[in-house]
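Enquirer: After the structure tokens below, expect a handful of questions from me.
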Amino acid sequence: MTAQRIYDTVADDFSRVNDLIIQRLSSDVPLVEKIAQYIIESGGKRLRPLLVLLSSQAAGYQENDHLKLAAVIEFLHTATLLHDDVVDTSDMRRGRSTANARWGNAPSVLVGDFLYARAFEMMVELKSLRIMDVLSHATAVIAEGEVMQLMNVKNPDLTEEQYMKVIHNKTAMLFEAASHTGALLANATSEQELGLKDYGKHLGLAFQLVDDVLDYRGDAEAMGKNVGDDLAEGKTTLPLIHAMTHGTEDERQLIRQAIRKGGLNDLPRILDIVERSGAIEYTMTKAREQAELAKACLESLPDSGHKEAMELLTEVAVARVS
């Protein structure tokens with residue numbers, strides 16, 4: 001119910017952003033439009049454009065360019081999803097076939113490129129060099145994060161510090177860019193701008209930490225993917241890092257071997273080790289710390305319904321694990 005209250009705060013704008021997204025997906029190449037619409041309409045929560053709408057208006061913005069900025073952010077995010085699924089050879093996302101599973105890798109990559117290009121076209125229309133600077137930098141950092149993650153597939157020696165760097169670049173960076181550019185659009189004060197930038201960073205980290213917990217204690221139907229998918233792909237996430245550090249030597253070796261091999265042959269035993277080692281509680285503690293840091297970043301903003309919704313969003317971020 002809390003999540004719905006957040007979306008209700010910007011319901012009219014959210015509807016207009018969706019309309020703009022569909023309008024700007026138009027292409028003279030039918031397959032481009034078909035794939036782009038398929039991935040855009042695949043049931044995501046639109047968290048990043050939501051952040052643009054909330055942050056800009058929490059900082060006092062009253063015009064209409066926040067709609068275009070929100071669409072830009074969603075196009076950037078969707079492009080990364082298309083490329084991610086090709087890199088990860090994923091065939092399911094949010095409970096339905098990925099674009100690459102339906103149309104193949106080459107069309108998916110090329111439509112991702114189209115979405116990046118369309119996002120930058122719209123970015124130019126905003127006529128803000130500072131916004132372009134933030135978003136172009138964010139796009140580069142996200143690409144670096146993808147490469148970092150790829151380099152660390154099946155690497156059981158990933159440290160917690162390295163893991164946090166990967167999830168900052170790969171996930172939290174676009175959250176940060178969304179709330180930061182919302183502040184820039186509103187001509188927020190320096191204090192508010194920094195606060196909104198850091199709010200997005202900490203919120204993004206909280207969401208990713210919880211996602212990593214859900215890979216070991218999630219509902220497959222609600223998540224749109226199966227428990228253990230990260231392990232199957234050889235991804236070393238914080239629950240596994242903690243379990244390897246605090247388990248027995250035999251348990252540590254079992255997890256290391258499972259990460260190196262990929263697959264799910266040892267999943268039941270690893271789920272048990274993750275639970276008994278306190279890895280879930282540890283990762284959730286880190287997620288709650290990030291959520292509290294995000295909430296504290298809003299102190300310089302005046303009280304408003306948009307600020308309240310952003311505070312509620314920090315609670316929703318960590319409430320997805322029962």
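By convention here, the chains of the structure tokens are called A, B, ... in the order presented, each chain's residues are numbered starting at 1, and ligands are numbered starting at 1 in the order presented.
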Please provide as a list in words all residues within 7 Å of A:Gly263, with the sequence filter that same-chain residues fewer than 4 positions apart are discarded (counting only C-alpha atoms).

Expert: Leu231, Ala232 and Glu233 of chain A

Enquirer: In stretch 40-218 of chain A, what's helix (DSSP H, G or I) per DSSP? Answer as number ranges by chain?

Expert: A: 40, 47-58, 65-87, 99-103, 105-125, 129-151, 160-185, 190-217

Enquirer: Show me a table, sorted first by chain and then by increasing residue number, of the residues of stretch 95-139 of chain A having an atom at most 12 Å from stretch 182-197 of chain A, each with its shortest atom pair and the distance in Å to one decimal, counting only C-alpha atoms and written as a tab-separated table.

Expert:
residue	atom	partner	partner_atom	distance
A:Met123	CA	A:Leu185	CA	11.8
A:Leu126	CA	A:Leu185	CA	9.0
A:Lys127	CA	A:Leu185	CA	10.3
A:Ser128	CA	A:Leu185	CA	8.2
A:Leu129	CA	A:Leu184	CA	10.3
A:Arg130	CA	A:Leu184	CA	7.5
A:Ile131	CA	A:Leu184	CA	6.8
A:Met132	CA	A:Leu184	CA	10.6
A:Asp133	CA	A:Leu184	CA	11.1
A:Val134	CA	A:Leu184	CA	9.6
A:Leu135	CA	A:Gly182	CA	11.4
A:Ala138	CA	A:Lys197	CA	12.0

Enquirer: Mind listing the strand (DSSP E or B) residues of stretch 61-272 of chain A, per DSSP on the backbone, as a PyMOL selection string?

Expert: chain A and resi 92-93+96-97

Enquirer: Figure out the distance between atom CA of A:Ala287 and atom CA of A:Val274, please, to one decimal in Å.

Expert: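 Taking atom CA of A:Val274 as the start and atom CA of A:Ala287 as the end point, the length is 16.6 Å.
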
Enquirer: Within 10 Å of stretch 101-115 of chain A, counting only C-alpha atoms, which residues show up once you throw out same-chain ones fewer than 2 positions away? Write them as a PyMOL selection string, please.

Expert: chain A and resi 24-25+27+31-36+39+72+74-87+89-92+96-99+117-121

Enquirer: When distances are computed from only C-alpha atoms, which of A:Ser15, A:Thr283, A:Asn169, A:Ser56 shows the smallest separation from A:His306?

Expert: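 Using only C-alpha atoms, A:His306 sits closest to A:Ser56.
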
Enquirer: Find the residues around A:Ala206 up to 12 Å (only C-alpha atoms counted), leave out those fewer than 2 positions away in its own chain, and share them as a count of residues only.

Expert: 39

Enquirer: Show me, as a JSON list (two decimals) with N, CA, C and O atoms, in the first residue's frame, the residues that have an atom within 10 Å of A:Glu251 when counting only C-alpha atoms, minus same-chain residues fewer than 5 positions from it.

Expert:
[["chain", "number", "residue", "atom", "x", "y", "z"],
["A", 243, "ALA", "N", 28.92, -15.42, 3.58],
["A", 243, "ALA", "CA", 28.86, -16.84, 3.92],
["A", 243, "ALA", "C", 30.23, -17.49, 3.80],
["A", 243, "ALA", "O", 30.60, -18.33, 4.64],
["A", 244, "MET", "N", 31.01, -17.12, 2.79],
["A", 244, "MET", "CA", 32.35, -17.68, 2.65],
["A", 244, "MET", "C", 33.27, -17.22, 3.78],
["A", 244, "MET", "O", 34.13, -17.96, 4.24],
["A", 245, "THR", "N", 33.07, -16.00, 4.23],
["A", 245, "THR", "CA", 33.92, -15.44, 5.29],
["A", 245, "THR", "C", 33.60, -16.07, 6.65],
["A", 245, "THR", "O", 34.50, -16.25, 7.48],
["A", 246, "HIS", "N", 32.33, -16.41, 6.88],
["A", 246, "HIS", "CA", 31.90, -16.84, 8.21],
["A", 246, "HIS", "C", 31.52, -18.31, 8.30],
["A", 246, "HIS", "O", 31.16, -18.78, 9.39],
["A", 256, "ARG", "N", 32.84, -21.67, -3.11],
["A", 256, "ARG", "CA", 33.83, -21.29, -4.13],
["A", 256, "ARG", "C", 33.70, -22.17, -5.38],
["A", 256, "ARG", "O", 33.72, -21.67, -6.50],
["A", 257, "GLN", "N", 33.54, -23.46, -5.15],
["A", 257, "GLN", "CA", 33.41, -24.38, -6.27],
["A", 257, "GLN", "C", 32.13, -24.10, -7.06],
["A", 257, "GLN", "O", 32.13, -24.13, -8.30],
["A", 269, "ARG", "N", 22.20, -26.92, -0.50],
["A", 269, "ARG", "CA", 23.21, -26.83, 0.55],
["A", 269, "ARG", "C", 23.69, -25.40, 0.73],
["A", 269, "ARG", "O", 23.91, -24.94, 1.86],
["A", 270, "ILE", "N", 23.83, -24.67, -0.37],
["A", 270, "ILE", "CA", 24.31, -23.28, -0.27],
["A", 270, "ILE", "C", 23.25, -22.39, 0.37],
["A", 270, "ILE", "O", 23.57, -21.50, 1.17],
["A", 273, "ILE", "N", 23.66, -22.88, 4.00],
["A", 273, "ILE", "CA", 24.86, -22.20, 4.52],
["A", 273, "ILE", "C", 24.62, -20.69, 4.62],
["A", 273, "ILE", "O", 24.98, -20.04, 5.61],
["A", 274, "VAL", "N", 24.01, -20.12, 3.58],
["A", 274, "VAL", "CA", 23.73, -18.67, 3.56],
["A", 274, "VAL", "C", 22.85, -18.29, 4.74],
["A", 274, "VAL", "O", 23.08, -17.29, 5.43],
["A", 277, "SER", "N", 24.83, -18.83, 8.23],
["A", 277, "SER", "CA", 25.98, -17.94, 8.43],
["A", 277, "SER", "C", 25.58, -16.52, 8.82],
["A", 277, "SER", "O", 26.45, -15.71, 9.16]]

Enquirer: For each of A:Lys154, A:Lys165, A:Arg48, A:Arg16, take the minimum atom-to-atom distance to A:Gly262, counting only C-alpha atoms, then give the residue where this is smallest.

Expert: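 Among the listed residues, A:Lys154 lies closest to A:Gly262.
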
Enquirer: Pick out the residues sitting within 10 Å of A:Ile22, and hand them over as a compact mmCIF listing (two decimals) with N, CA, C and O atoms, in the first residue's frame; count only C-alpha atoms, and ignore anything fewer than 3 positions along from it in its own chain.

Expert:
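Output (result-v2.txt):
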# COMPACT_ATOMS: atom_id res chain seq x y z
N VAL A 17 4.39 10.75 -18.77
CA VAL A 17 5.71 10.21 -19.13
C VAL A 17 5.54 8.94 -19.96
O VAL A 17 6.22 8.76 -20.97
N ASN A 18 4.62 8.08 -19.56
CA ASN A 18 4.38 6.85 -20.33
C ASN A 18 3.93 7.17 -21.76
O ASN A 18 4.37 6.53 -22.72
N ASP A 19 3.07 8.17 -21.88
CA ASP A 19 2.62 8.58 -23.22
C ASP A 19 3.80 9.09 -24.06
O ASP A 19 3.92 8.79 -25.26
N LEU A 25 9.24 6.41 -29.05
CA LEU A 25 9.74 5.12 -29.51
C LEU A 25 9.53 4.93 -31.01
O LEU A 25 10.03 3.97 -31.59
N SER A 26 8.78 5.84 -31.63
CA SER A 26 8.43 5.66 -33.04
C SER A 26 9.68 5.58 -33.90
O SER A 26 10.68 6.27 -33.68
N GLU A 33 10.82 -0.56 -33.45
CA GLU A 33 9.68 -0.15 -32.64
C GLU A 33 9.10 -1.34 -31.86
O GLU A 33 8.75 -1.22 -30.68
N ALA A 36 11.58 -2.33 -28.99
CA ALA A 36 11.63 -1.27 -27.98
C ALA A 36 10.34 -1.23 -27.16
O ALA A 36 10.38 -1.13 -25.93
N GLN A 37 9.20 -1.33 -27.81
CA GLN A 37 7.94 -1.33 -27.08
C GLN A 37 7.82 -2.56 -26.20
O GLN A 37 7.31 -2.49 -25.07
N ILE A 40 10.02 -1.93 -23.10
CA ILE A 40 9.50 -0.82 -22.31
C ILE A 40 8.23 -1.22 -21.57
O ILE A 40 7.99 -0.82 -20.43
N GLU A 41 7.41 -2.04 -22.20
CA GLU A 41 6.10 -2.41 -21.62
C GLU A 41 6.16 -3.70 -20.82
O GLU A 41 5.13 -4.29 -20.52
N ALA A 71 11.63 10.43 -19.25
CA ALA A 71 11.64 9.52 -20.40
C ALA A 71 13.07 9.21 -20.83
O ALA A 71 13.39 8.06 -21.19

Enquirer: Quick one: distance from atom CA of A:His180 to atom CA of A:Ile142 in Å, one decimal?

Expert: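 Value for the atom CA of A:His180-atom CA of A:Ile142 distance: 15.6 Å.
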
Enquirer: Find, counting only C-alpha atoms, the residue in A:Pro156, A:Gly234, A:Pro302, A:Gly278 that gets nearest to A:Arg252.

Expert: A:Pro156
